[in-house]
Structure formats: C-alpha cells, structure tokens
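These notes concern the structure reproduced below.
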Amino acid sequence: MASSTRPADPLTLEVVELIATVVARYHEEYEQAAAKHSLTGAQARVLGLLSLEPLPMRHIATSLRCEPSNITGIVDRLEARGLVERRPDPADRRVKLAAATPEGHATARRLRDALHFAREPLAALSEEERTALRDLLRRMLGETEL
C-alpha cells in the first residue's frame with residue numbers, strides 16, 4: 001500500500017479524476033431517471049435492490065451504507081405508492097422483509113432501462129476490454145473472483 005505522506009503520481013491522479021467523473025455522471029443520470037418516476041435517488045436505489053430479492057431493512061441499510069431508520073422511511077414511502085410491501089421472513093417470522101411488488105418490479109426495470117450513460121460507452125468496448133475493466137474494478141474493491 002502506498003504511503004499516505006508520498007504524493008500520488010500524475011497517472012494515479014488522472015485515474016482518480018476519471019473515476020470521479022464517471023461516478024458523478026452516473027449519479028446525475030440515475031437521479032434524472034428516478035425523478036421521471038417521481039422517486040428520489042435513494043428510493044430508486046432501494047427499489048432496485050428489492051427488485052433483485054426481498055431483504056430485511058438492516059441488510060438494505062448495510063448495502064446502501066446508511067442508517068436503518070432512513071431505510072424505514074424510504075420503504076414507508078415506497079409502500080404507500082404500492083411499489084414495495086412488507087412480509088414476514090419465512091426463515092424467521094420475527095423478521096420483516098421488504099419486497100418489490102409487481103408494480104415495483106416494473107418500475108425498477110424501467111429505471112434500469114433508462115440508464116444509458118454506462119451502457120453506451122461500455123458497448124464501445126470489446127467483451128475482452130469489458131472483462132478486463134470488470135476484473136480491475138473488482139481488484140480495486142478487494143473482491144475475489146466469483
């Protein structure tokens with residue numbers, strides 16, 4: 001690991017700036033797509049997670065790196081719109097799961113379909129380049145091969 005007292009080299013600084021630009025553009029497009037469905041970015045992210053599988057509130061909070069009380073409010077608002085429902089966990093009836101409703105699944109799909117920023121530039125890369133990029137990003141995040 002590099003020393004925190006040594007300044008970063010110009011290439012590292014450029015890569016960090018490029019990553020920051022990609023992240024900022026992605027968040028901007030995500031917020032715009034969410035707004036078209038009268039959702040906040042946070043609501044859209046929760047709905048996106050729940051469209052993959054039902055989850056306990058605590059797991060949603062961990063995934064999104066926020067307080068469980070924030071997730072409760074977001075799920076309340078999504079539930080009021082008919083996009084999410086709470087149900088008992090079949091493995092532990094004391095635990096409540098948040099799950100996307102059929103309308104929630106449809107909305108999450110429309111949100112994903114509206115995100116062109118990442119998809120269009122990635123389409124210009126070959127499969128080999130996309131695989132290399134994925135593997136490098138996983139390595140940066142400390143993830144092991146799946």
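Each chain of the structure tokens is named A, B, ... in the order shown, its residues numbered from 1; ligands are numbered from 1 in display order.
Taking region 87-145 of chain A and asking which residues DSSP calls strand (DSSP E) on the backbone, you get A:Arg87, A:Pro88, A:Asp89, A:Asp92, A:Arg93, A:Arg94, A:Val95, A:Lys96, A:Leu97, A:Ala98, A:Ala99, A:Ala100.
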Can I get the selection written as a tab-separated table (two decimals), in the first residue's frame, with N, CA and C atoms?
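Saved result, selection_27.tsv, follows:
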chain	number	residue	atom	x	y	z
A	87	ARG	N	-43.32	-8.19	4.33
A	87	ARG	CA	-43.85	-9.54	4.56
A	87	ARG	C	-42.96	-10.26	5.56
A	88	PRO	N	-43.49	-11.25	6.25
A	88	PRO	CA	-42.67	-12.00	7.20
A	88	PRO	C	-41.60	-12.81	6.47
A	89	ASP	N	-40.44	-12.93	7.10
A	89	ASP	CA	-39.36	-13.76	6.57
A	89	ASP	C	-39.73	-15.22	6.83
A	92	ASP	N	-37.58	-16.77	9.49
A	92	ASP	CA	-37.69	-16.24	10.85
A	92	ASP	C	-38.88	-15.29	10.89
A	93	ARG	N	-40.01	-15.75	11.33
A	93	ARG	CA	-41.25	-14.97	11.29
A	93	ARG	C	-41.17	-13.67	12.10
A	94	ARG	N	-40.16	-13.54	12.97
A	94	ARG	CA	-39.99	-12.30	13.73
A	94	ARG	C	-39.41	-11.18	12.87
A	95	VAL	N	-38.80	-11.55	11.75
A	95	VAL	CA	-38.14	-10.58	10.87
A	95	VAL	C	-39.08	-10.21	9.72
A	96	LYS	N	-39.16	-8.92	9.41
A	96	LYS	CA	-39.95	-8.46	8.28
A	96	LYS	C	-39.02	-8.20	7.10
A	97	LEU	N	-39.45	-8.66	5.94
A	97	LEU	CA	-38.72	-8.41	4.71
A	97	LEU	C	-39.44	-7.32	3.92
A	98	ALA	N	-38.68	-6.50	3.24
A	98	ALA	CA	-39.24	-5.57	2.27
A	98	ALA	C	-39.08	-6.23	0.91
A	99	ALA	N	-40.12	-6.19	0.10
A	99	ALA	CA	-40.09	-6.84	-1.20
A	99	ALA	C	-40.78	-5.96	-2.23
A	100	ALA	N	-40.26	-5.97	-3.44
A	100	ALA	CA	-40.90	-5.22	-4.53
A	100	ALA	C	-42.20	-5.91	-4.91
Among the residues of region 53-143 of chain A, find those DSSP assigns to helix (DSSP H, G or I) from the backbone and print them as an MDAnalysis selection string. chainID A and resid 57:64 68:80 102:114 119:123 127:140
Using Å and a single decimal, report how far CA of Arg86 (chain A) sits from CA of Leu55 (chain A). 9.5 Å
Residue neighbourhood region 110-120 of chain A, 10 Å, only C-alpha atoms, exclusion window fewer than 6 positions, as a VMD selection string: chain A and resid 22 to 23 25 to 30 32 to 37 44 to 45 47 to 48 104
Write a file of the just-selected residues containing N, CA, C and O atoms, as a compact mmCIF listing (two decimals), in the first residue's frame.
# COMPACT_ATOMS: atom_id res chain seq x y z
N VAL A 22 -16.85 9.63 -13.89
CA VAL A 22 -17.78 8.54 -14.23
C VAL A 22 -18.85 8.43 -13.15
O VAL A 22 -20.05 8.34 -13.45
N VAL A 23 -18.44 8.43 -11.89
CA VAL A 23 -19.39 8.30 -10.78
C VAL A 23 -20.37 9.48 -10.77
O VAL A 23 -21.58 9.29 -10.62
N ARG A 25 -21.32 11.41 -13.27
CA ARG A 25 -22.25 11.30 -14.40
C ARG A 25 -23.29 10.22 -14.15
O ARG A 25 -24.46 10.40 -14.48
N TYR A 26 -22.88 9.10 -13.60
CA TYR A 26 -23.81 8.02 -13.30
C TYR A 26 -24.87 8.50 -12.31
O TYR A 26 -26.06 8.29 -12.52
N HIS A 27 -24.43 9.14 -11.23
CA HIS A 27 -25.39 9.62 -10.22
C HIS A 27 -26.34 10.66 -10.80
O HIS A 27 -27.53 10.65 -10.49
N GLU A 28 -25.83 11.54 -11.65
CA GLU A 28 -26.68 12.56 -12.27
C GLU A 28 -27.77 11.89 -13.13
O GLU A 28 -28.94 12.23 -13.02
N GLU A 29 -27.38 10.92 -13.95
CA GLU A 29 -28.36 10.24 -14.79
C GLU A 29 -29.33 9.42 -13.95
O GLU A 29 -30.53 9.37 -14.24
N TYR A 30 -28.83 8.80 -12.89
CA TYR A 30 -29.68 7.99 -12.01
C TYR A 30 -30.73 8.87 -11.35
O TYR A 30 -31.90 8.51 -11.28
N GLN A 32 -31.90 11.72 -12.48
CA GLN A 32 -32.85 12.14 -13.51
C GLN A 32 -33.85 11.03 -13.83
O GLN A 32 -35.05 11.29 -13.96
N ALA A 33 -33.35 9.81 -13.96
CA ALA A 33 -34.24 8.67 -14.25
C ALA A 33 -35.21 8.47 -13.09
O ALA A 33 -36.41 8.21 -13.31
N ALA A 34 -34.73 8.57 -11.87
CA ALA A 34 -35.59 8.41 -10.69
C ALA A 34 -36.68 9.49 -10.68
O ALA A 34 -37.85 9.19 -10.43
N ALA A 35 -36.29 10.73 -10.96
CA ALA A 35 -37.24 11.84 -10.94
C ALA A 35 -38.37 11.63 -11.95
O ALA A 35 -39.51 12.02 -11.70
N LYS A 36 -38.07 10.99 -13.08
CA LYS A 36 -39.11 10.74 -14.09
C LYS A 36 -40.18 9.78 -13.55
O LYS A 36 -41.29 9.72 -14.08
N HIS A 37 -39.84 9.05 -12.51
CA HIS A 37 -40.79 8.13 -11.88
C HIS A 37 -41.25 8.68 -10.52
O HIS A 37 -41.78 7.93 -9.70
N ALA A 44 -35.08 5.08 -5.46
CA ALA A 44 -34.79 4.26 -6.64
C ALA A 44 -33.76 3.19 -6.33
O ALA A 44 -33.89 2.05 -6.79
N ARG A 45 -32.74 3.54 -5.55
CA ARG A 45 -31.72 2.55 -5.19
C ARG A 45 -32.31 1.43 -4.33
O ARG A 45 -32.01 0.26 -4.54
N LEU A 47 -35.48 0.49 -4.27
CA LEU A 47 -36.35 -0.28 -5.15
C LEU A 47 -35.53 -1.22 -6.04
O LEU A 47 -35.90 -2.37 -6.25
N GLY A 48 -34.41 -0.72 -6.55
CA GLY A 48 -33.54 -1.55 -7.37
C GLY A 48 -33.03 -2.77 -6.61
O GLY A 48 -33.03 -3.89 -7.15
N GLY A 104 -43.60 -2.52 -8.47
CA GLY A 104 -42.24 -2.15 -8.11
C GLY A 104 -41.21 -2.78 -9.03
O GLY A 104 -40.25 -2.13 -9.45
